[in-house]
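model.pdb (PDB, C-alpha atoms (C1' of nucleotides))
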```pdb
ATOM      1  CA  MET A   1      14.825 -15.535  22.603
ATOM      2  CA  ILE A   2      18.101 -15.653  20.757
ATOM      3  CA  ASN A   3      21.292 -14.176  22.163
ATOM      4  CA  TYR A   4      22.748 -11.948  19.483
ATOM      5  CA  THR A   5      25.884 -10.949  21.366
ATOM      6  CA  ASP A   6      28.224 -13.257  19.519
ATOM      7  CA  ILE A   7      26.463 -12.845  16.202
ATOM      8  CA  LEU A   8      26.856  -9.083  16.432
ATOM      9  CA  ARG A   9      30.546  -9.473  17.268
ATOM     10  CA  GLU A  10      31.036 -11.751  14.288
ATOM     11  CA  HIS A  11      29.792  -8.853  12.216
ATOM     12  CA  ASN A  12      32.269  -6.500  13.903
ATOM     13  CA  LEU A  13      29.601  -4.806  15.971
ATOM     14  CA  LYS A  14      29.828  -4.259  19.700
ATOM     15  CA  ALA A  15      26.942  -5.786  21.570
ATOM     16  CA  THR A  16      25.244  -2.793  23.100
ATOM     17  CA  PRO A  17      21.795  -3.110  24.656
ATOM     18  CA  GLN A  18      20.338  -0.998  21.863
ATOM     19  CA  ARG A  19      21.794  -3.246  19.180
ATOM     20  CA  LEU A  20      20.683  -6.398  20.929
ATOM     21  CA  ALA A  21      17.190  -4.938  21.094
ATOM     22  CA  ILE A  22      17.225  -4.017  17.418
ATOM     23  CA  ALA A  23      18.297  -7.530  16.515
ATOM     24  CA  ASP A  24      15.642  -9.043  18.741
ATOM     25  CA  THR A  25      12.930  -6.752  17.444
ATOM     26  CA  LEU A  26      13.784  -7.593  13.851
ATOM     27  CA  TYR A  27      13.867 -11.269  14.702
ATOM     28  CA  ILE A  28      10.427 -11.127  16.254
ATOM     29  CA  ASN A  29       8.803  -8.849  13.685
ATOM     30  CA  GLY A  30      10.516 -10.036  10.546
ATOM     31  CA  HIS A  31      10.417  -6.910   8.401
ATOM     32  CA  MET A  32      10.342  -3.386   9.727
ATOM     33  CA  SER A  33      10.584   0.155   8.456
ATOM     34  CA  VAL A  34      12.815   2.656  10.241
ATOM     35  CA  GLU A  35       9.730   4.255  11.733
ATOM     36  CA  ASP A  36       8.256   0.968  12.992
ATOM     37  CA  LEU A  37      11.572   0.010  14.500
ATOM     38  CA  TYR A  38      11.932   3.342  16.243
ATOM     39  CA  GLU A  39       8.465   3.116  17.741
ATOM     40  CA  LEU A  40       9.036  -0.360  19.107
ATOM     41  CA  MET A  41      12.486   0.533  20.402
ATOM     42  CA  LEU A  42      11.039   3.483  22.278
ATOM     43  CA  LYS A  43       9.090   1.027  24.406
ATOM     44  CA  LYS A  44      12.309  -0.585  25.573
ATOM     45  CA  PHE A  45      14.497   2.535  25.679
ATOM     46  CA  SER A  46      12.358   5.540  26.333
ATOM     47  CA  SER A  47      15.165   7.936  25.461
ATOM     48  CA  ILE A  48      16.632   6.193  22.445
ATOM     49  CA  SER A  49      17.388   8.583  19.631
ATOM     50  CA  LEU A  50      16.387   8.258  16.008
ATOM     51  CA  ALA A  51      20.018   9.012  15.211
ATOM     52  CA  THR A  52      21.015   5.859  17.064
ATOM     53  CA  ILE A  53      18.548   3.861  15.004
ATOM     54  CA  TYR A  54      19.926   5.270  11.775
ATOM     55  CA  LYS A  55      23.551   4.864  12.780
ATOM     56  CA  ASN A  56      22.948   1.252  13.705
ATOM     57  CA  ILE A  57      20.900   0.427  10.647
ATOM     58  CA  ASN A  58      23.673   1.804   8.472
ATOM     59  CA  LEU A  59      26.415  -0.016  10.328
ATOM     60  CA  MET A  60      24.437  -3.239  10.295
ATOM     61  CA  LEU A  61      23.856  -2.887   6.574
ATOM     62  CA  GLU A  62      27.565  -2.293   5.944
ATOM     63  CA  ASN A  63      28.427  -5.359   7.976
ATOM     64  CA  SER A  64      25.707  -7.450   6.349
ATOM     65  CA  PHE A  65      24.026  -8.150   9.639
ATOM     66  CA  ILE A  66      20.768  -6.880   8.153
ATOM     67  CA  GLN A  67      19.474  -6.199   4.665
ATOM     68  CA  GLU A  68      17.239  -3.614   3.080
ATOM     69  CA  VAL A  69      14.194  -4.722   1.134
ATOM     70  CA  LYS A  70      12.960  -2.143  -1.358
ATOM     71  CA  LEU A  71       9.261  -2.451  -2.030
ATOM     72  CA  PRO A  72       7.141  -1.087  -4.877
ATOM     73  CA  HIS A  73       4.860   1.760  -3.743
ATOM     74  CA  ALA A  74       6.028   1.466  -0.125
ATOM     75  CA  LYS A  75       8.936   2.452   2.041
ATOM     76  CA  SER A  76      11.854   0.122   2.563
ATOM     77  CA  VAL A  77      11.893  -2.444   5.305
ATOM     78  CA  TYR A  78      14.836  -4.147   6.983
ATOM     79  CA  GLU A  79      15.375  -7.764   7.956
ATOM     80  CA  LEU A  80      18.071  -9.887   9.538
ATOM     81  CA  THR A  81      20.323 -11.358   6.875
ATOM     82  CA  LYS A  82      19.399 -14.927   6.054
ATOM     83  CA  SER A  83      19.799 -17.216   3.080
ATOM     84  CA  SER A  84      18.596 -15.839  -0.220
ATOM     85  CA  HIS A  85      14.846 -15.631  -0.634
ATOM     86  CA  SER A  86      12.070 -13.646  -2.265
ATOM     87  CA  HIS A  87       9.363 -11.469  -0.750
ATOM     88  CA  LEU A  88       5.611 -11.262  -0.797
ATOM     89  CA  LEU A  89       3.944  -7.913  -0.254
ATOM     90  CA  CYS A  90       0.252  -7.603   0.536
ATOM     91  CA  GLU A  91      -1.042  -4.513  -1.250
ATOM     92  CA  LYS A  92      -3.799  -4.123   1.296
ATOM     93  CA  CYS A  93      -2.281  -4.673   4.743
ATOM     94  CA  LYS A  94       1.280  -3.962   3.529
ATOM     95  CA  GLU A  95       2.621  -6.998   5.360
ATOM     96  CA  VAL A  96       5.849  -8.440   3.982
ATOM     97  CA  SER A  97       6.682 -12.111   4.190
ATOM     98  CA  ASP A  98       9.492 -14.322   3.018
ATOM     99  CA  ILE A  99       9.079 -16.996   0.423
ATOM    100  CA  SER A 100      11.589 -19.460  -0.901
ATOM    101  CA  LEU A 101      11.355 -19.797  -4.652
ATOM    102  CA  ALA A 102      13.467 -21.614  -7.207
ATOM    103  CA  LEU A 103      14.809 -18.881  -9.462
ATOM    104  CA  GLU A 104      17.654 -20.869 -10.998
ATOM    105  CA  HIS A 105      15.878 -21.379 -14.279
ATOM    106  CA  VAL A 106      14.984 -17.726 -14.561
ATOM    107  CA  ILE A 107      18.532 -16.658 -13.744
ATOM    108  CA  GLU A 108      19.987 -19.141 -16.164
ATOM    109  CA  SER A 109      17.683 -17.973 -18.902
ATOM    110  CA  ALA A 110      18.546 -14.351 -18.166
ATOM    111  CA  SER A 111      22.268 -15.114 -18.242
ATOM    112  CA  ARG A 112      21.912 -16.785 -21.600
ATOM    113  CA  THR A 113      19.996 -13.995 -23.282
ATOM    114  CA  SER A 114      21.816 -11.059 -21.720
ATOM    115  CA  ASP A 115      25.530 -11.861 -21.393
ATOM    116  CA  PHE A 116      25.332 -10.654 -17.797
ATOM    117  CA  LYS A 117      27.190 -12.432 -15.019
ATOM    118  CA  ILE A 118      24.319 -12.479 -12.547
ATOM    119  CA  HIS A 119      25.090 -12.380  -8.820
ATOM    120  CA  SER A 120      21.724 -11.922  -7.216
ATOM    121  CA  ALA A 121      18.015 -11.709  -7.810
ATOM    122  CA  ASP A 122      15.691  -9.390  -5.939
ATOM    123  CA  LEU A 123      12.095 -10.424  -6.394
ATOM    124  CA  VAL A 124       9.013  -8.936  -4.792
ATOM    125  CA  LEU A 125       5.639 -10.442  -5.564
ATOM    126  CA  SER A 126       2.738  -8.116  -4.844
ATOM    127  CA  GLY A 127      -0.818  -9.168  -4.286
ATOM    128  CA  ILE A 128      -3.408  -9.819  -1.632
ATOM    129  CA  CYS A 129      -2.681 -12.051   1.290
ATOM    130  CA  LYS A 130      -4.990 -14.746   2.560
ATOM    131  CA  ASN A 131      -6.357 -12.659   5.421
ATOM    132  CA  CYS A 132      -7.149  -9.682   3.210
ATOM    133  CA  GLN A 133      -8.895 -11.586   0.435
TER     134      GLN A 133
ATOM    135  CA  MET B   1      11.329  10.664 -32.742
ATOM    136  CA  ILE B   2       7.930   9.815 -31.389
ATOM    137  CA  ASN B   3       5.203  12.407 -30.926
ATOM    138  CA  TYR B   4       3.938  12.007 -27.376
ATOM    139  CA  THR B   5       1.226  14.652 -27.579
ATOM    140  CA  ASP B   6      -1.661  12.234 -27.949
ATOM    141  CA  ILE B   7      -0.150   9.647 -25.647
ATOM    142  CA  LEU B   8       0.146  12.234 -22.914
ATOM    143  CA  ARG B   9      -3.462  13.291 -23.453
ATOM    144  CA  GLU B  10      -4.607   9.698 -23.223
ATOM    145  CA  HIS B  11      -3.041   9.710 -19.784
ATOM    146  CA  ASN B  12      -4.904  12.909 -18.880
ATOM    147  CA  LEU B  13      -1.814  15.050 -19.117
ATOM    148  CA  LYS B  14      -1.606  18.274 -21.078
ATOM    149  CA  ALA B  15       1.106  18.215 -23.679
ATOM    150  CA  THR B  16       3.443  20.939 -22.495
ATOM    151  CA  PRO B  17       6.913  21.302 -24.022
ATOM    152  CA  GLN B  18       8.457  20.198 -20.742
ATOM    153  CA  ARG B  19       6.399  17.031 -20.625
ATOM    154  CA  LEU B  20       7.090  16.199 -24.243
ATOM    155  CA  ALA B  21      10.772  16.591 -23.527
ATOM    156  CA  ILE B  22      10.586  14.380 -20.456
ATOM    157  CA  ALA B  23       8.824  11.694 -22.469
ATOM    158  CA  ASP B  24      11.345  11.969 -25.266
ATOM    159  CA  THR B  25      14.300  11.915 -22.906
ATOM    160  CA  LEU B  26      12.990   8.808 -21.176
ATOM    161  CA  TYR B  27      12.321   7.175 -24.524
ATOM    162  CA  ILE B  28      15.870   7.836 -25.680
ATOM    163  CA  ASN B  29      17.636   6.989 -22.437
ATOM    164  CA  GLY B  30      15.471   4.172 -21.180
ATOM    165  CA  HIS B  31      15.947   4.469 -17.423
ATOM    166  CA  MET B  32      16.761   7.665 -15.608
ATOM    167  CA  SER B  33      17.061   8.955 -12.068
ATOM    168  CA  VAL B  34      15.473  12.275 -11.126
ATOM    169  CA  GLU B  35      18.909  13.841 -11.125
ATOM    170  CA  ASP B  36      19.884  12.498 -14.552
ATOM    171  CA  LEU B  37      16.601  13.635 -15.987
ATOM    172  CA  TYR B  38      17.007  17.116 -14.530
ATOM    173  CA  GLU B  39      20.489  17.490 -15.961
ATOM    174  CA  LEU B  40      19.411  16.475 -19.435
ATOM    175  CA  MET B  41      16.302  18.628 -19.285
ATOM    176  CA  LEU B  42      18.416  21.636 -18.377
ATOM    177  CA  LYS B  43      20.073  21.382 -21.775
ATOM    178  CA  LYS B  44      16.729  21.847 -23.469
ATOM    179  CA  PHE B  45      15.149  24.264 -20.973
ATOM    180  CA  SER B  46      17.851  26.238 -19.277
ATOM    181  CA  SER B  47      15.459  27.577 -16.671
ATOM    182  CA  ILE B  48      13.442  24.465 -15.931
ATOM    183  CA  SER B  49      12.901  23.937 -12.247
ATOM    184  CA  LEU B  50      13.495  20.800 -10.249
ATOM    185  CA  ALA B  51      10.000  21.324  -8.871
ATOM    186  CA  THR B  52       8.618  20.950 -12.379
ATOM    187  CA  ILE B  53      10.501  17.699 -12.794
ATOM    188  CA  TYR B  54       9.118  16.358  -9.522
ATOM    189  CA  LYS B  55       5.575  17.530 -10.196
ATOM    190  CA  ASN B  56       5.601  15.886 -13.586
ATOM    191  CA  ILE B  57       7.181  12.672 -12.411
ATOM    192  CA  ASN B  58       4.530  12.373  -9.742
ATOM    193  CA  LEU B  59       1.668  13.147 -12.102
ATOM    194  CA  MET B  60       3.040  10.761 -14.701
ATOM    195  CA  LEU B  61       3.341   8.043 -12.079
ATOM    196  CA  GLU B  62      -0.242   8.602 -10.927
ATOM    197  CA  ASN B  63      -1.457   8.403 -14.498
ATOM    198  CA  SER B  64       0.688   5.354 -15.265
ATOM    199  CA  PHE B  65       2.504   7.118 -18.039
ATOM    200  CA  ILE B  66       5.792   6.188 -16.383
ATOM    201  CA  GLN B  67       6.880   3.728 -13.716
ATOM    202  CA  GLU B  68       9.394   3.742 -10.917
ATOM    203  CA  VAL B  69      12.012   1.022 -10.745
ATOM    204  CA  LYS B  70      13.486   0.524  -7.278
ATOM    205  CA  LEU B  71      16.998  -0.847  -7.398
ATOM    206  CA  PRO B  72      19.069  -2.530  -4.697
ATOM    207  CA  HIS B  73      21.917  -0.317  -3.470
ATOM    208  CA  ALA B  74      21.028   2.455  -5.915
ATOM    209  CA  LYS B  75      18.540   5.227  -6.328
ATOM    210  CA  SER B  76      15.300   4.702  -8.186
ATOM    211  CA  VAL B  77      15.033   5.178 -11.918
ATOM    212  CA  TYR B  78      11.988   5.918 -14.049
ATOM    213  CA  GLU B  79      10.909   4.503 -17.373
ATOM    214  CA  LEU B  80       8.007   4.873 -19.787
ATOM    215  CA  THR B  81       5.311   2.336 -19.004
ATOM    216  CA  LYS B  82       5.506  -0.689 -21.245
ATOM    217  CA  SER B  83       4.442  -4.307 -21.030
ATOM    218  CA  SER B  84       5.575  -6.165 -17.945
ATOM    219  CA  HIS B  85       9.257  -7.032 -17.826
ATOM    220  CA  SER B  86      12.184  -7.537 -15.493
ATOM    221  CA  HIS B  87      15.362  -5.516 -15.049
ATOM    222  CA  LEU B  88      19.080  -6.107 -15.181
ATOM    223  CA  LEU B  89      21.363  -3.892 -13.117
ATOM    224  CA  CYS B  90      25.101  -3.759 -13.710
ATOM    225  CA  GLU B  91      26.778  -3.414 -10.325
ATOM    226  CA  LYS B  92      29.771  -1.738 -11.923
ATOM    227  CA  CYS B  93      28.473   0.813 -14.422
ATOM    228  CA  LYS B  94      25.015   0.959 -12.811
ATOM    229  CA  GLU B  95      23.307   0.694 -16.170
ATOM    230  CA  VAL B  96      19.780  -0.668 -16.116
ATOM    231  CA  SER B  97      18.307  -2.670 -18.957
ATOM    232  CA  ASP B  98      15.055  -4.426 -19.638
ATOM    233  CA  ILE B  99      14.742  -8.152 -20.011
ATOM    234  CA  SER B 100      11.726 -10.230 -20.807
ATOM    235  CA  LEU B 101      11.573 -13.319 -18.647
ATOM    236  CA  ALA B 102       8.960 -16.015 -18.182
ATOM    237  CA  LEU B 103       7.950 -15.766 -14.538
ATOM    238  CA  GLU B 104       4.667 -17.649 -14.797
ATOM    239  CA  HIS B 105       6.039 -20.780 -13.188
ATOM    240  CA  VAL B 106       7.557 -18.855 -10.330
ATOM    241  CA  ILE B 107       4.344 -16.922  -9.742
ATOM    242  CA  GLU B 108       2.264 -20.054  -9.932
ATOM    243  CA  SER B 109       4.516 -21.796  -7.463
ATOM    244  CA  ALA B 110       4.377 -18.809  -5.141
ATOM    245  CA  SER B 111       0.581 -18.668  -5.350
ATOM    246  CA  ARG B 112       0.352 -22.315  -4.457
ATOM    247  CA  THR B 113       2.601 -22.194  -1.419
ATOM    248  CA  SER B 114       1.480 -18.830  -0.061
ATOM    249  CA  ASP B 115      -2.276 -18.420  -0.579
ATOM    250  CA  PHE B 116      -1.581 -14.986  -2.009
ATOM    251  CA  LYS B 117      -3.483 -13.655  -5.000
ATOM    252  CA  ILE B 118      -0.467 -12.332  -6.875
ATOM    253  CA  HIS B 119      -0.885  -9.320  -9.149
ATOM    254  CA  SER B 120       2.631  -8.429 -10.135
ATOM    255  CA  ALA B 121       6.260  -9.418  -9.906
ATOM    256  CA  ASP B 122       9.128  -6.969  -9.575
ATOM    257  CA  LEU B 123      12.401  -8.627 -10.371
ATOM    258  CA  VAL B 124      15.831  -7.036 -10.541
ATOM    259  CA  LEU B 125      18.795  -9.188 -11.451
ATOM    260  CA  SER B 126      22.115  -7.705 -10.403
ATOM    261  CA  GLY B 127      25.467  -8.606 -11.850
ATOM    262  CA  ILE B 128      28.111  -7.453 -14.283
ATOM    263  CA  CYS B 129      27.226  -6.524 -17.823
ATOM    264  CA  LYS B 130      29.122  -7.671 -20.869
ATOM    265  CA  ASN B 131      31.097  -4.446 -21.240
ATOM    266  CA  CYS B 132      32.209  -4.385 -17.625
ATOM    267  CA  GLN B 133      33.333  -8.000 -17.393
TER     268      GLN B 133
ATOM    269  C1'  DC C   1      41.925   2.521  30.201
ATOM    270  C1'  DT C   2      40.787   3.155  25.419
ATOM    271  C1'  DC C   3      37.881   3.355  21.881
ATOM    272  C1'  DT C   4      33.327   2.997  20.291
ATOM    273  C1'  DG C   5      28.407   4.018  20.863
ATOM    274  C1'  DT C   6      24.667   6.964  22.535
ATOM    275  C1'  DG C   7      21.675  11.014  22.756
ATOM    276  C1'  DC C   8      20.930  15.587  21.633
ATOM    277  C1'  DA C   9      20.788  19.442  18.673
ATOM    278  C1'  DA C  10      21.998  21.282  14.423
ATOM    279  C1'  DA C  11      22.891  20.726   9.685
ATOM    280  C1'  DG C  12      22.014  18.608   5.197
ATOM    281  C1'  DC C  13      19.610  17.179   1.299
ATOM    282  C1'  DG C  14      16.023  15.464  -1.578
ATOM    283  C1'  DT C  15      11.193  16.419  -2.219
ATOM    284  C1'  DT C  16       6.933  19.052  -1.762
ATOM    285  C1'  DT C  17       4.138  23.170  -1.419
ATOM    286  C1'  DG C  18       2.226  28.008  -2.216
ATOM    287  C1'  DC C  19       1.898  31.501  -5.195
ATOM    288  C1'  DA C  20       1.955  34.722  -9.235
ATOM    289  C1'  DA C  21       2.731  34.710 -13.990
ATOM    290  C1'  DA C  22       2.593  32.044 -18.352
ATOM    291  C1'  DC C  23       0.462  28.850 -21.212
ATOM    292  C1'  DG C  24      -2.453  24.958 -23.364
ATOM    293  C1'  DA C  25      -6.867  23.793 -25.120
TER     294       DA C  25
ATOM    295  C1'  DT D   1     -11.209  32.628 -21.562
ATOM    296  C1'  DC D   2     -10.554  29.096 -17.947
ATOM    297  C1'  DG D   3      -8.116  25.797 -15.738
ATOM    298  C1'  DT D   4      -3.603  23.864 -15.645
ATOM    299  C1'  DT D   5       1.386  24.220 -15.541
ATOM    300  C1'  DT D   6       5.619  26.541 -14.736
ATOM    301  C1'  DG D   7       9.421  28.582 -12.023
ATOM    302  C1'  DC D   8      10.797  30.446  -7.871
ATOM    303  C1'  DA D   9      11.352  30.453  -3.000
ATOM    304  C1'  DA D  10      10.107  28.722   1.190
ATOM    305  C1'  DA D  11       8.840  24.823   3.850
ATOM    306  C1'  DC D  12       9.112  20.009   4.959
ATOM    307  C1'  DG D  13      10.597  15.534   6.459
ATOM    308  C1'  DC D  14      13.837  12.087   6.558
ATOM    309  C1'  DT D  15      18.680  11.219   7.305
ATOM    310  C1'  DT D  16      23.293  12.497   8.704
ATOM    311  C1'  DT D  17      26.751  14.900  11.392
ATOM    312  C1'  DG D  18      29.382  16.917  15.474
ATOM    313  C1'  DC D  19      30.082  16.790  19.998
ATOM    314  C1'  DA D  20      30.221  15.640  25.030
ATOM    315  C1'  DC D  21      29.237  11.969  27.976
ATOM    316  C1'  DA D  22      28.459   7.031  28.881
ATOM    317  C1'  DG D  23      29.560   2.383  28.305
ATOM    318  C1'  DA D  24      31.750  -2.012  26.152
ATOM    319  C1'  DG D  25      35.747  -4.700  26.038
TER     320       DG D  25
END
```
Could you show the structure in this file as C-alpha cells?
Amino acid sequence: MINYTDILREHNLKATPQRLAIADTLYINGHMSVEDLYELMLKKFSSISLATIYKNINLMLENSFIQEVKLPHAKSVYELTKSSHSHLLCEKCKEVSDISLALEHVIESASRTSDFKIHSADLVLSGICKNCQ
Amino acid sequence: MINYTDILREHNLKATPQRLAIADTLYINGHMSVEDLYELMLKKFSSISLATIYKNINLMLENSFIQEVKLPHAKSVYELTKSSHSHLLCEKCKEVSDISLALEHVIESASRTSDFKIHSADLVLSGICKNCQ
DNA sequence: CTCTGTGCAAAGCGTTTGCAAACGA
DNA sequence: TCGTTTGCAAACGCTTTGCACAGAG
C-alpha cells in the first residue's frame, strides 16, 4: 500500500482521507468510472458524497494527478497519471488495461503528412480479452 | 451535393428533409458536435427541435450511418461513416481532421503481447495544426 | 488560526421520453 | 392508409454549485 500523502501535496492537493482513499482505490483497481469509484468509496466512507467525488476528480484532473480515458461506446474511466501508454478495451467484459506500444513511427508519419506539431496520441484498441474469448 | 436518399434507406432510415440536411451538413463540415449541428440545422429549419437532432443522431449511430468520435479534453463530434481512419485534433482551434495511418504493425504488436483479439483501433493525435502554429 | 475540503440540498444542463400532429412510402 | 418522424414540453440523470460545518496544515 502506497502512501499518497506527499504525492498529493506535490500536485497541490491537501491529503485528506477521502483523497488518499481515491488514490488508493485507483491504484488498486487501475481504471474506474465515477460510478464505480463512488460505490467503492462508500464502503470506506459510508457518508461520502458524490459531490466530493466529482470535486476531487476535477481537481485531480486539473492538477494532473489523474487522467481521463475516453472509451468508444462506454463511459469514461479515470486512472492515476503515469507515463504515456495506450489502452485495451474488452468489448465483452468492458475491462480496460494498459499497454505500452511504440507509436513513434505512426506519429512521425502523421507529422510528415499533416503538418501538425503532434503532442500526444490517444489510442484505444477494442477487442476481446483472453478470458472472454 | 450528394443525394443521400438511397444511402439513408440502405441504413434503414426514411429520407426525411431533416435527415437529408443532417447528412449534407456532416458531409460539408466533416466533424460536428451536437451543438454545432443544431445551430447549422436551425438555418435550414427554423423550427427544428433539439430532440429531433438527438433522435436522429442516435438512430444514425445505431444504423452505422454516422460515427461518434470521442476527443480528449473536448466534446464528442460526429462524422459520416467511412473507411477506418485516425483523427487529428488541433488543441488551439479544436478543428478535427481525418488522417489515414498504417496501424497494422501496432495492432499486431498489441495482439502478440496482450492475447486480445483486436477488432478496432481508435486513435486521436493531438497537437497544433499548420494554421495555428 | 486560517483556509481548504466535506456533505447536503438545490440548481444546472445536456439528453431522453411521451404524445399529438404531420409526413414518407 | 399505416407506420414513422417531428416538434414541443416535461422528465431524467449526471454534474456542478452554495453554504455551513469540519478538518488539514
Length of the CA of Leu103 in chain A to CA of Glu104 in chain B vector [Å]:
11.5 Å
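The coordinates place CA of Gln18 in chain A at 16.7 Å from CA of Asn63 in chain A.
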Identify, on the basis of only C-alpha atoms (C1' of nucleotides), every residue whose closest approach to range 2-13 of chain C does not exceed 10 Å; exclude the query and any residue fewer than 6 positions from it along the same chain; express the result as a list in words.
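Within the cut-off, the hits are Leu13, Lys14, Ala15, Thr16, Gln18, Arg19, Ser47, Ile48, Ser49, Leu50, Ala51, Thr52, Lys55 and Asn56 of chain A; DC14, DT15, DT16, DT17, DG18, DC19, DA20, DC21, DA22, DG23, DA24 and DG25 of chain D.
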What are the nearest atom pairs, with distances in Å to one decimal, for all residues of chain A that come at most 12 Å from chain B, using only C-alpha atoms, set out by chain and rising residue number as JSON lines?
```
{"residue": "A:Leu61", "atom": "CA", "partner": "B:His73", "partner_atom": "CA", "distance": 10.5}
{"residue": "A:Glu62", "atom": "CA", "partner": "B:His73", "partner_atom": "CA", "distance": 11.2}
{"residue": "A:Gln67", "atom": "CA", "partner": "B:Pro72", "partner_atom": "CA", "distance": 10.1}
{"residue": "A:Glu68", "atom": "CA", "partner": "B:Pro72", "partner_atom": "CA", "distance": 8.1}
{"residue": "A:Val69", "atom": "CA", "partner": "B:Pro72", "partner_atom": "CA", "distance": 7.9}
{"residue": "A:Lys70", "atom": "CA", "partner": "B:Lys70", "partner_atom": "CA", "distance": 6.5}
{"residue": "A:Leu71", "atom": "CA", "partner": "B:Lys70", "partner_atom": "CA", "distance": 7.4}
{"residue": "A:Pro72", "atom": "CA", "partner": "B:Lys70", "partner_atom": "CA", "distance": 7.0}
{"residue": "A:His73", "atom": "CA", "partner": "B:Glu68", "partner_atom": "CA", "distance": 8.7}
{"residue": "A:Ala74", "atom": "CA", "partner": "B:Lys70", "partner_atom": "CA", "distance": 10.4}
{"residue": "A:Lys75", "atom": "CA", "partner": "B:Lys70", "partner_atom": "CA", "distance": 10.5}
{"residue": "A:Ser76", "atom": "CA", "partner": "B:Lys70", "partner_atom": "CA", "distance": 10.0}
{"residue": "A:His85", "atom": "CA", "partner": "B:Ala110", "partner_atom": "CA", "distance": 11.8}
{"residue": "A:Ser86", "atom": "CA", "partner": "B:Leu123", "partner_atom": "CA", "distance": 9.5}
{"residue": "A:His87", "atom": "CA", "partner": "B:Ala121", "partner_atom": "CA", "distance": 9.9}
{"residue": "A:Leu88", "atom": "CA", "partner": "B:Phe116", "partner_atom": "CA", "distance": 8.2}
{"residue": "A:Leu89", "atom": "CA", "partner": "B:Ile118", "partner_atom": "CA", "distance": 9.1}
{"residue": "A:Cys90", "atom": "CA", "partner": "B:Phe116", "partner_atom": "CA", "distance": 8.0}
{"residue": "A:Glu91", "atom": "CA", "partner": "B:His119", "partner_atom": "CA", "distance": 9.2}
{"residue": "A:Lys92", "atom": "CA", "partner": "B:Lys117", "partner_atom": "CA", "distance": 11.4}
{"residue": "A:Glu95", "atom": "CA", "partner": "B:Phe116", "partner_atom": "CA", "distance": 11.7}
{"residue": "A:Val96", "atom": "CA", "partner": "B:Phe116", "partner_atom": "CA", "distance": 11.6}
{"residue": "A:Ser97", "atom": "CA", "partner": "B:Ser114", "partner_atom": "CA", "distance": 9.5}
{"residue": "A:Asp98", "atom": "CA", "partner": "B:Ser114", "partner_atom": "CA", "distance": 9.7}
{"residue": "A:Ile99", "atom": "CA", "partner": "B:Ala110", "partner_atom": "CA", "distance": 7.5}
{"residue": "A:Ser100", "atom": "CA", "partner": "B:Ala110", "partner_atom": "CA", "distance": 8.4}
{"residue": "A:Leu101", "atom": "CA", "partner": "B:Val106", "partner_atom": "CA", "distance": 6.9}
{"residue": "A:Ala102", "atom": "CA", "partner": "B:Val106", "partner_atom": "CA", "distance": 7.2}
{"residue": "A:Leu103", "atom": "CA", "partner": "B:Val106", "partner_atom": "CA", "distance": 7.3}
{"residue": "A:Glu104", "atom": "CA", "partner": "B:Val106", "partner_atom": "CA", "distance": 10.3}
{"residue": "A:His105", "atom": "CA", "partner": "B:Val106", "partner_atom": "CA", "distance": 9.6}
{"residue": "A:Val106", "atom": "CA", "partner": "B:Leu101", "partner_atom": "CA", "distance": 6.9}
{"residue": "A:Ile107", "atom": "CA", "partner": "B:Leu125", "partner_atom": "CA", "distance": 7.8}
{"residue": "A:Glu108", "atom": "CA", "partner": "B:Leu101", "partner_atom": "CA", "distance": 10.5}
{"residue": "A:Ser109", "atom": "CA", "partner": "B:Leu101", "partner_atom": "CA", "distance": 7.7}
{"residue": "A:Ala110", "atom": "CA", "partner": "B:Leu101", "partner_atom": "CA", "distance": 7.1}
{"residue": "A:Ser111", "atom": "CA", "partner": "B:Leu125", "partner_atom": "CA", "distance": 9.7}
{"residue": "A:Arg112", "atom": "CA", "partner": "B:Leu101", "partner_atom": "CA", "distance": 11.3}
{"residue": "A:Thr113", "atom": "CA", "partner": "B:Ile99", "partner_atom": "CA", "distance": 8.5}
{"residue": "A:Ser114", "atom": "CA", "partner": "B:Ile99", "partner_atom": "CA", "distance": 7.8}
{"residue": "A:Asp115", "atom": "CA", "partner": "B:Lys130", "partner_atom": "CA", "distance": 5.5}
{"residue": "A:Phe116", "atom": "CA", "partner": "B:Cys129", "partner_atom": "CA", "distance": 4.5}
{"residue": "A:Lys117", "atom": "CA", "partner": "B:Ile128", "partner_atom": "CA", "distance": 5.1}
{"residue": "A:Ile118", "atom": "CA", "partner": "B:Gly127", "partner_atom": "CA", "distance": 4.1}
{"residue": "A:His119", "atom": "CA", "partner": "B:Gly127", "partner_atom": "CA", "distance": 4.9}
{"residue": "A:Ser120", "atom": "CA", "partner": "B:Ser126", "partner_atom": "CA", "distance": 5.3}
{"residue": "A:Ala121", "atom": "CA", "partner": "B:Leu125", "partner_atom": "CA", "distance": 4.5}
{"residue": "A:Asp122", "atom": "CA", "partner": "B:Val124", "partner_atom": "CA", "distance": 5.2}
{"residue": "A:Leu123", "atom": "CA", "partner": "B:Leu123", "partner_atom": "CA", "distance": 4.4}
{"residue": "A:Val124", "atom": "CA", "partner": "B:Asp122", "partner_atom": "CA", "distance": 5.2}
{"residue": "A:Leu125", "atom": "CA", "partner": "B:Ala121", "partner_atom": "CA", "distance": 4.5}
{"residue": "A:Ser126", "atom": "CA", "partner": "B:Ser120", "partner_atom": "CA", "distance": 5.3}
{"residue": "A:Gly127", "atom": "CA", "partner": "B:Ile118", "partner_atom": "CA", "distance": 4.1}
{"residue": "A:Ile128", "atom": "CA", "partner": "B:Lys117", "partner_atom": "CA", "distance": 5.1}
{"residue": "A:Cys129", "atom": "CA", "partner": "B:Phe116", "partner_atom": "CA", "distance": 4.6}
{"residue": "A:Lys130", "atom": "CA", "partner": "B:Asp115", "partner_atom": "CA", "distance": 5.5}
{"residue": "A:Asn131", "atom": "CA", "partner": "B:Phe116", "partner_atom": "CA", "distance": 9.1}
{"residue": "A:Cys132", "atom": "CA", "partner": "B:Phe116", "partner_atom": "CA", "distance": 9.3}
{"residue": "A:Gln133", "atom": "CA", "partner": "B:Lys117", "partner_atom": "CA", "distance": 7.9}
```
With a distance cut-off of 12 Å and all atoms listed in the file, select the neighbouring residues of DA11 in chain D, excluding the residue or stretch itself and same-chain residues fewer than 2 positions from it, and output the selection as an NGL selection string.
(:C and (15-18)) or (:D and (9 or 13))
Within 6 Å of Gly30 in chain B, counting only C-alpha atoms (C1' of nucleotides), which residues qualify if same-chain residues fewer than 3 places away don't, as an MDAnalysis selection string?
chainID B and resid 26:27 79
